[in-house]
Amino acid sequence: MAQSPPENQDFLSKTVESVKDMEPPIRFIIVFFALLVFVFVSNALIPDEFVLLVYLLPFVGLLVYLIWEFQQWKVRESERRDAHLENKDVRDHELEKAKLEYEYKDRQDKRDYDLEKRKIAQESQQSPPDPAKKKETVADSRFAYLDWLKREVSQLSLQGVDPDATEDEAEGTLNLDQIYTALLTAEPESPEKEMSPERLGRPEKRISAVAQLNQHSRLVLLGDPGSGKSTFINFVAMCLTYEALDAKDKGLQLLTAPLPDDEGNDQEERQPWGHGTLIPLRIILRDFAARGLPDANKHATVDHLWRFVEAELAQDELSHCLTFLKAQFEAGKAILLLDGLDEVPEADKRRQQLKEVVDAFALKYPDCRIVVTSRTYAYQKQAWELQQFRATVLQPFSVGQIRRFVDGWYAYTAGRRNHPEGWAANRAQTLKDAILSQKNLYELAVRPLLLTLMASLHAWRRGELPSDRQELYEDSVDLLLNRWERRQRVWDGEKETEMQPSLVEWLKTDRTKVRDVLNKLAYEAHVEQGDREQTADIPQKKLLDELGALSNNPNFNPRQLEKYLRDRAGLIAARGDAVYTFPHRTFQEYLAACHFIYNVNSGYPDSVPQMARMAPNTWREVLLLAAAMEGANRVWNLVDALSNYTDDLNDEADLWGRQLAGQMLHETIDPQATLNLRNQRLRQRVQTGLERFMASPHMPATERAIAGASLAFLGETRLDVACVVPEMVEVPAGPFLMGSDKQKDSDAFDREMPQDEVALSTYKIGKYPVTNAQFAHFVADGGYENESYWTKAGWAEKEKQGWQEPRYREDARLNQANQPVVGVSWYESVAYCNWLKATTERDFRLPSEAMWAKAARGTQGLIYPWGDEWQPENLNWSGSNINWPSAVGIFPAGKSPYGAFDMCGNVLEWCSTVYEEYPFKERPYLAEIEAEGRRCLRGGAFDLNRRVQPRRVPVLRRFPASGATSSAFGLPNISPFLAPEFWVLFSVFFCFLKILPKNLFSVKIGPQ
């Protein structure tokens, strides 16, 4: 049989695709007239004895077409119902909001009525207040408050740059609106959007912090030290303040500015904001804890917060603004910004009191928005979690964000210092090239605080950058100290007078001793922050006493020293009446680490490990910075101090010791370096401890994920994970319930029903998902070059796409040895199984959907592998705040009845089954993998929400599965009933045939 030319085939396929994209009524008309033409032509050309066939074929064709339309309509209806179910929470929220608004209106009407009654009663005694005067008072309070807040939040304090850089500004600040770079969170743009074919295999788009604030009225913003939490709070306050002052270019227009793309340029869409102008109230929580909360044995209320606000405003003679602020919150036109939950002392129930205040405030002002910031690991404990608040984690800077920040920094710097045209672009490009070409610098630059320090050092110091975090901090501290204690001119109110000597010159001491005092003060402040009520502030008396003790100046006067310090900024600065502080907690932690290392009386190296074991959230950063200063050789002394306790590991402190030791080694040593016998034993001790830590469900999930990464770095020691051939668990023969029951599982999708009993023979399934290390053997053994491992379609697709390895093999966040392999298509998964089968002579294959479902849910159709109740601590999902695939096997409480791990959450898993509507139909494996059609993914993923976790997902085979929502294609292939318009058209067709002349179909072409 001759084959039609390729161009004809291409034309035909394009025509069919065009028809498929049409609206159903138009498509039906085209098919209808095509069949009608077929009848006319066939009746004329085909002999009379075949006339029945002439009529029968169009009817069969029409029936087949209608069945196809039947299926397509049901697909659309199923999608609509799924979307309807997905939006249920949104509708419930809107209904609840409408109810609250209605109740609020009732309360407001009653207040108006009561006020009117009082007004009438007082009319005979006094004249009513002048409305114009009242309006003027409110307007004045509004302007005064906003003008004050604008000054408080619109400047970014550098205090870490070269003195020449800020010679025109005493405090060393930059305009926040000029250099702010929008922050992203770990949450994907939308699970629904991610589960679509156009998103498959591409990097996940993340929701910005502004979008999160727009979406959630109660938000906790989590992040690592220096991730930009406080700057975000100030930026939001600044934009809303400028908007309220009608400075539109710095208001909502700036707040919703487009995010940067990978090149640092603006994307097309702006960030969302649908709440108009809100009046911001910013509160630094450590100040509130120190000066606003009641005694520890008393309950804290909203009144305590308002009294604190009034006291803060009174310092600038703005106490009259309190009435205006309260009115804005009562009207639902304000936002509360609470910065630094992790800086509030844990002792004396301060955090519990703070929780009481926040919960009460949220209840009293339901229509207002509230944002709280905290370090991630400080918020992990459930006792600190705020009710009804959505927690989200800030992402490290992307390449595009780094580029945007550096360009903005140099553009602003050039403008301030009148550099020639082209200087900013050239210097910015130099810094970007240095960061993006050196892995160690890039790993520092993803943290906004460190990128700011890098830019300041590069721009205004020497044009070169330190190679690690510890060196970066040391250079920054050197600059800060230089700024703080340098000589400076004194202003007497009219003119500059004589040059004031530096602190070292005035005290007649040396710089090293001053630095030692600051190291000690930082350490003591850090101790006090964790153990007693005080925050990380340094009382003026302590500072004066410590520095005064250094003085060799016979004319030393404490009052002169007090004035000297008050007028200076740098490594330490005045933060209120008789209180000093460091510019950022990270510097406090770094200086505390220096105190341990350089002070012979600090008890180092035993002291800081012991403190870290007992209070890891307080001393982790200090320990890690101390390890970085010690270097790869001497760090083993700290490891010994952390892990030289019992090997039983029954004590939680011992587990934390091994966990911190692993993290410390991960950040310090070269894993390929040769170790002596003592250090080899220490490494083995740490590896054993990491195993135990990962297997302890009571430890925070984020910490178990860090332990998994550390173990991968040091060398995976779990025998059932480190093996080349995946470990298997047996699933016995017998029937089981497949699918979902809506009465039992109200969240079930329609595509998971009906529930049916399926019988399977005995088989084995992987105990864990296939890891990067295991898949790497397939790559190294030439799996991508050997066509015999691939299906015919798979090999063609591999050649077309140029696949040579998993898509994320070079991504450090996704390529650790004990993580599940991600970025592989269904074709690659089949090839890997075929390679295993060929090299082991065991019958490996991808599991069918039925095999996967039984292994995950047991015989009774459990909703989750562990049972029918949702247990958020049993899996890696969007609420775990891990934000990446974790090492396999770190959720032991979430394993299935047969001992299979990660069957829910972490990564989606391929099945061999062609996606079809239930009930399930088993096919021979070889026929299954050669068949066309979408394939099933099961198991959920680390960035999917609760409802999507254990669900059924159809996916096109050619797209790489990232182990996350980017691998899913949520188009169910199930069939409700036929649409009414087709029944109408179908009836028209038969009516039309009925009225045609009987001899019409007997017309012939040519001679009779």
# chains A, B, ... in the order shown; residues from 1 in each chain; ligands from 1

$ closest_atom_pairs --of "range 700-789 of chain A" --to "range 887-904 of chain A" --cutoff "8 Å" --atoms "only C-alpha atoms" --output "JSON lines"
{"residue": "A:Arg704", "atom": "CA", "partner": "A:Ile890", "partner_atom": "CA", "distance": 6.5}
{"residue": "A:Ala705", "atom": "CA", "partner": "A:Ala887", "partner_atom": "CA", "distance": 6.5}
{"residue": "A:Gly708", "atom": "CA", "partner": "A:Ala887", "partner_atom": "CA", "distance": 5.2}
{"residue": "A:Ala709", "atom": "CA", "partner": "A:Ala887", "partner_atom": "CA", "distance": 6.9}
{"residue": "A:Val721", "atom": "CA", "partner": "A:Val888", "partner_atom": "CA", "distance": 7.9}
{"residue": "A:Val729", "atom": "CA", "partner": "A:Gly899", "partner_atom": "CA", "distance": 6.6}
{"residue": "A:Glu730", "atom": "CA", "partner": "A:Tyr898", "partner_atom": "CA", "distance": 7.0}
{"residue": "A:Val731", "atom": "CA", "partner": "A:Tyr898", "partner_atom": "CA", "distance": 6.4}
{"residue": "A:Ile765", "atom": "CA", "partner": "A:Ala900", "partner_atom": "CA", "distance": 7.7}
{"residue": "A:Gly766", "atom": "CA", "partner": "A:Ala900", "partner_atom": "CA", "distance": 6.9}
{"residue": "A:Lys767", "atom": "CA", "partner": "A:Ala900", "partner_atom": "CA", "distance": 4.5}
{"residue": "A:Tyr768", "atom": "CA", "partner": "A:Phe901", "partner_atom": "CA", "distance": 5.3}
{"residue": "A:Pro769", "atom": "CA", "partner": "A:Val888", "partner_atom": "CA", "distance": 7.0}
{"residue": "A:Thr771", "atom": "CA", "partner": "A:Val888", "partner_atom": "CA", "distance": 7.7}

$ select_by_dssp --residues "range 318-397 of chain A" --states "helix (DSSP H, G or I)" --output "PyMOL selection string"
chain A and resi 321-330+341-343+347-364+382-384

$ residues_around --residues "range 212-224 of chain A" --least-positions-apart "4" --cutoff "8 Å" --atoms "only C-alpha atoms" --output "MDAnalysis selection string"
chainID A and resid 207:208 228:229 272:275 368:376 379 388:395

$ closest_residue --among "A:Ser227, A:Glu909, A:Thr509, A:Phe556" --to "Ala445 in chain A" --atoms "only C-alpha atoms"
A:Ser227

$ residues_around --residues "range 779-782 of chain A" --least-positions-apart "4" --cutoff "8 Å" --atoms "only C-alpha atoms" --output "list in words"
Phe775, Asn786, Gln804 and Glu805 of chain A

$ residues_around --residues "Ala796 in chain A" --least-positions-apart "6" --cutoff "12 Å" --atoms "only C-alpha atoms" --output "JSON, numbers by chain"
{"A": [784, 787, 790, 802, 803, 827, 828, 958]}

$ select_by_dssp --residues "range 720-969 of chain A" --states "strand (DSSP E or B)" --output "NGL selection string"
:A and (728-731 or 734-738 or 756-760 or 763-766 or 771 or 820 or 824 or 864 or 867 or 909-914 or 935-938 or 953-955 or 961)

$ write_last_selection --atoms "N, CA and C atoms" --output "short mmCIF file (atom, residue, chain, number, x, y, z; two decimals), in the first residue's frame"
data_model
loop_
_atom_site.label_atom_id
_atom_site.label_comp_id
_atom_site.auth_asym_id
_atom_site.auth_seq_id
_atom_site.Cartn_x
_atom_site.Cartn_y
_atom_site.Cartn_z
N MET A 728 13.38 -3.61 48.08
CA MET A 728 11.98 -3.86 47.78
C MET A 728 11.24 -4.35 49.02
N VAL A 729 9.92 -4.11 49.06
CA VAL A 729 9.05 -4.67 50.09
C VAL A 729 7.96 -5.48 49.40
N GLU A 730 7.52 -6.56 50.06
CA GLU A 730 6.56 -7.47 49.44
C GLU A 730 5.13 -7.06 49.75
N VAL A 731 4.29 -7.15 48.71
CA VAL A 731 2.85 -6.93 48.85
C VAL A 731 2.17 -8.26 48.53
N GLY A 734 -3.95 -10.99 46.71
CA GLY A 734 -5.29 -10.84 47.26
C GLY A 734 -5.99 -9.61 46.74
N PRO A 735 -7.27 -9.50 47.02
CA PRO A 735 -8.04 -8.34 46.57
C PRO A 735 -7.82 -7.12 47.46
N PHE A 736 -8.12 -5.94 46.92
CA PHE A 736 -8.07 -4.70 47.69
C PHE A 736 -9.05 -3.71 47.06
N LEU A 737 -9.37 -2.69 47.82
CA LEU A 737 -10.28 -1.65 47.33
C LEU A 737 -9.48 -0.57 46.62
N MET A 738 -9.77 -0.38 45.34
CA MET A 738 -9.08 0.64 44.54
C MET A 738 -10.05 1.77 44.22
N ASP A 756 -13.71 0.18 43.52
CA ASP A 756 -13.94 -1.18 43.02
C ASP A 756 -12.92 -2.12 43.64
N GLU A 757 -13.26 -3.40 43.69
CA GLU A 757 -12.34 -4.40 44.22
C GLU A 757 -11.49 -4.95 43.09
N VAL A 758 -10.17 -4.96 43.29
CA VAL A 758 -9.22 -5.45 42.30
C VAL A 758 -8.34 -6.50 42.97
N ALA A 759 -8.11 -7.60 42.27
CA ALA A 759 -7.27 -8.69 42.80
C ALA A 759 -5.91 -8.67 42.11
N LEU A 760 -4.84 -8.80 42.89
CA LEU A 760 -3.48 -8.83 42.35
C LEU A 760 -2.73 -10.02 42.91
N TYR A 763 3.58 -9.37 44.63
CA TYR A 763 4.63 -8.62 43.92
C TYR A 763 5.43 -7.83 44.95
N LYS A 764 6.51 -7.23 44.49
CA LYS A 764 7.34 -6.38 45.34
C LYS A 764 7.41 -4.98 44.74
N ILE A 765 7.53 -3.99 45.62
CA ILE A 765 7.62 -2.60 45.18
C ILE A 765 8.74 -1.92 45.95
N GLY A 766 9.32 -0.86 45.38
CA GLY A 766 10.44 -0.18 46.01
C GLY A 766 10.09 0.33 47.40
N THR A 771 16.52 6.85 44.07
CA THR A 771 17.31 8.02 44.45
C THR A 771 18.21 8.49 43.31
N PRO A 820 15.08 11.68 46.08
CA PRO A 820 14.49 10.99 44.92
C PRO A 820 14.95 11.66 43.63
N VAL A 824 12.86 13.46 35.40
CA VAL A 824 12.91 12.36 34.44
C VAL A 824 11.51 12.11 33.90
N TYR A 864 -4.96 7.73 53.34
CA TYR A 864 -3.53 8.00 53.37
C TYR A 864 -2.79 6.72 53.75
N GLY A 867 -3.41 5.84 57.40
CA GLY A 867 -4.76 5.74 57.92
C GLY A 867 -5.70 6.70 57.23
N GLU A 909 5.14 10.01 41.58
CA GLU A 909 5.78 8.78 41.11
C GLU A 909 5.05 8.24 39.89
N TRP A 910 5.84 7.85 38.89
CA TRP A 910 5.29 7.34 37.64
C TRP A 910 4.69 5.94 37.82
N CYS A 911 3.60 5.69 37.11
CA CYS A 911 3.02 4.34 36.97
C CYS A 911 3.03 3.96 35.49
N SER A 912 2.99 2.68 35.22
CA SER A 912 2.99 2.23 33.82
C SER A 912 1.64 2.45 33.16
N THR A 913 0.58 2.60 33.93
CA THR A 913 -0.79 2.54 33.43
C THR A 913 -1.15 3.71 32.54
N VAL A 914 -1.81 3.39 31.41
CA VAL A 914 -2.43 4.42 30.58
C VAL A 914 -3.64 4.96 31.34
N ARG A 935 -0.23 9.01 31.07
CA ARG A 935 0.14 8.06 32.12
C ARG A 935 -0.23 8.61 33.50
N CYS A 936 -0.34 7.72 34.43
CA CYS A 936 -0.74 8.10 35.79
C CYS A 936 0.48 8.44 36.65
N LEU A 937 0.36 9.51 37.39
CA LEU A 937 1.30 9.85 38.45
C LEU A 937 0.55 9.74 39.78
N ARG A 938 1.22 9.23 40.79
CA ARG A 938 0.59 9.09 42.10
C ARG A 938 1.54 9.59 43.19
N VAL A 953 -3.31 11.56 39.05
CA VAL A 953 -2.98 12.62 38.11
C VAL A 953 -2.61 12.01 36.77
N PRO A 954 -3.27 12.44 35.66
CA PRO A 954 -2.87 11.98 34.33
C PRO A 954 -1.80 12.89 33.74
N VAL A 955 -0.76 12.32 33.11
CA VAL A 955 0.35 13.11 32.61
C VAL A 955 0.79 12.61 31.24
N ALA A 961 9.24 14.60 34.74
CA ALA A 961 8.62 14.72 36.06
C ALA A 961 9.63 15.29 37.03
#

$ residues_around --residues "Leu176 in chain A" --least-positions-apart "3" --cutoff "12 Å" --atoms "only C-alpha atoms" --output "ChimeraX atom specification"
/A:150-158,173,179-182,231-239,250,254-255,405,408-409,412

$ write_last_selection --atoms "N, CA, C and O atoms" --output "tab-separated table (two decimals), in the first residue's frame"
chain	number	residue	atom	x	y	z
A	150	LYS	N	6.73	57.48	57.56
A	150	LYS	CA	7.51	57.54	56.33
A	150	LYS	C	8.99	57.70	56.65
A	150	LYS	O	9.86	57.03	56.06
A	151	ARG	N	9.31	58.56	57.57
A	151	ARG	CA	10.70	58.76	57.95
A	151	ARG	C	11.29	57.53	58.62
A	151	ARG	O	12.48	57.24	58.50
A	152	GLU	N	10.45	56.78	59.36
A	152	GLU	CA	10.92	55.61	60.09
A	152	GLU	C	11.26	54.44	59.18
A	152	GLU	O	12.17	53.66	59.47
A	153	VAL	N	10.54	54.28	58.06
A	153	VAL	CA	10.65	53.04	57.28
A	153	VAL	C	11.22	53.21	55.89
A	153	VAL	O	11.48	52.20	55.22
A	154	SER	N	11.43	54.41	55.41
A	154	SER	CA	11.80	54.59	54.01
A	154	SER	C	13.30	54.59	53.77
A	154	SER	O	13.74	54.74	52.63
A	155	GLN	N	14.10	54.42	54.82
A	155	GLN	CA	15.54	54.38	54.67
A	155	GLN	C	16.07	53.00	55.05
A	155	GLN	O	15.63	52.41	56.03
A	156	LEU	N	17.01	52.51	54.25
A	156	LEU	CA	17.71	51.26	54.56
A	156	LEU	C	19.02	51.60	55.23
A	156	LEU	O	19.89	52.24	54.63
A	157	SER	N	19.17	51.20	56.49
A	157	SER	CA	20.39	51.49	57.23
A	157	SER	C	21.49	50.54	56.78
A	157	SER	O	21.36	49.33	56.89
A	158	LEU	N	22.57	51.12	56.27
A	158	LEU	CA	23.68	50.29	55.79
A	158	LEU	C	24.59	49.88	56.95
A	158	LEU	O	24.78	48.73	57.24
A	173	THR	N	22.60	55.64	55.22
A	173	THR	CA	21.35	55.02	54.76
A	173	THR	C	21.20	55.17	53.27
A	173	THR	O	21.82	56.04	52.63
A	179	ILE	N	16.42	50.76	45.90
A	179	ILE	CA	17.22	49.53	45.76
A	179	ILE	C	16.48	48.27	46.21
A	179	ILE	O	17.06	47.18	46.17
A	180	TYR	N	15.22	48.40	46.63
A	180	TYR	CA	14.50	47.20	47.09
A	180	TYR	C	14.25	46.25	45.93
A	180	TYR	O	13.87	46.65	44.82
A	181	THR	N	14.45	44.96	46.19
A	181	THR	CA	14.18	43.90	45.22
A	181	THR	C	13.09	42.99	45.77
A	181	THR	O	13.19	42.52	46.91
A	182	ALA	N	12.06	42.76	44.97
A	182	ALA	CA	10.91	41.97	45.41
A	182	ALA	C	11.34	40.57	45.85
A	182	ALA	O	12.22	39.96	45.23
A	231	THR	N	13.22	43.98	56.13
A	231	THR	CA	13.19	44.93	55.01
A	231	THR	C	11.85	44.87	54.29
A	231	THR	O	11.32	45.90	53.85
A	232	PHE	N	11.29	43.67	54.17
A	232	PHE	CA	9.97	43.55	53.54
A	232	PHE	C	8.91	44.28	54.36
A	232	PHE	O	8.05	44.98	53.80
A	233	ILE	N	8.95	44.12	55.69
A	233	ILE	CA	8.00	44.83	56.55
A	233	ILE	C	8.10	46.33	56.33
A	233	ILE	O	7.10	47.04	56.17
A	234	ASN	N	9.34	46.85	56.30
A	234	ASN	CA	9.52	48.28	56.10
A	234	ASN	C	9.08	48.71	54.70
A	234	ASN	O	8.51	49.79	54.54
A	235	PHE	N	9.33	47.87	53.72
A	235	PHE	CA	8.95	48.22	52.34
A	235	PHE	C	7.43	48.31	52.21
A	235	PHE	O	6.90	49.25	51.59
A	236	VAL	N	6.71	47.34	52.76
A	236	VAL	CA	5.24	47.38	52.71
A	236	VAL	C	4.72	48.61	53.42
A	236	VAL	O	3.84	49.33	52.91
A	237	ALA	N	5.26	48.89	54.61
A	237	ALA	CA	4.84	50.08	55.36
A	237	ALA	C	5.12	51.34	54.57
A	237	ALA	O	4.30	52.27	54.52
A	238	MET	N	6.29	51.40	53.93
A	238	MET	CA	6.66	52.58	53.15
A	238	MET	C	5.71	52.81	51.98
A	238	MET	O	5.20	53.91	51.76
A	239	CYS	N	5.43	51.74	51.21
A	239	CYS	CA	4.58	51.89	50.03
A	239	CYS	C	3.16	52.31	50.41
A	239	CYS	O	2.56	53.18	49.77
A	250	LYS	N	5.63	56.06	44.54
A	250	LYS	CA	6.26	55.27	45.59
A	250	LYS	C	5.24	54.48	46.40
A	250	LYS	O	5.58	53.90	47.43
A	254	LEU	N	4.68	51.05	43.23
A	254	LEU	CA	5.95	50.42	43.57
A	254	LEU	C	5.74	49.08	44.26
A	254	LEU	O	6.47	48.11	44.00
A	255	LEU	N	4.72	48.99	45.11
A	255	LEU	CA	4.45	47.74	45.82
A	255	LEU	C	4.15	46.61	44.85
A	255	LEU	O	4.55	45.46	45.09
A	405	PHE	N	19.05	43.38	41.94
A	405	PHE	CA	19.57	44.10	43.10
A	405	PHE	C	20.88	44.80	42.76
A	405	PHE	O	21.07	45.97	43.09
A	408	GLY	N	20.33	47.81	40.54
A	408	GLY	CA	19.73	48.91	41.29
A	408	GLY	C	20.71	49.56	42.25
A	408	GLY	O	20.74	50.78	42.41
A	409	TRP	N	21.54	48.74	42.88
A	409	TRP	CA	22.52	49.25	43.83
A	409	TRP	C	23.49	50.21	43.14
A	409	TRP	O	23.74	51.33	43.62
A	412	TYR	N	21.89	53.52	41.83
A	412	TYR	CA	21.68	54.48	42.91
A	412	TYR	C	23.00	55.07	43.38
A	412	TYR	O	23.12	56.27	43.64

$ residues_around --residues "range 620-623 of chain A" --least-positions-apart "4" --cutoff "10 Å" --atoms "only C-alpha atoms" --output "ChimeraX atom specification"
/A:225,523,526,586-594,596,608-609,611-613,615-616,627-629,638,660-661,663-664

$ atom_distance --atom1 "CA of Pro539 in chain A" --atom2 "CA of Asn519 in chain A"
15.2 Å

$ atom_distance --atom1 "CA of Ala247 in chain A" --atom2 "CA of Gln271 in chain A"
18.8 Å
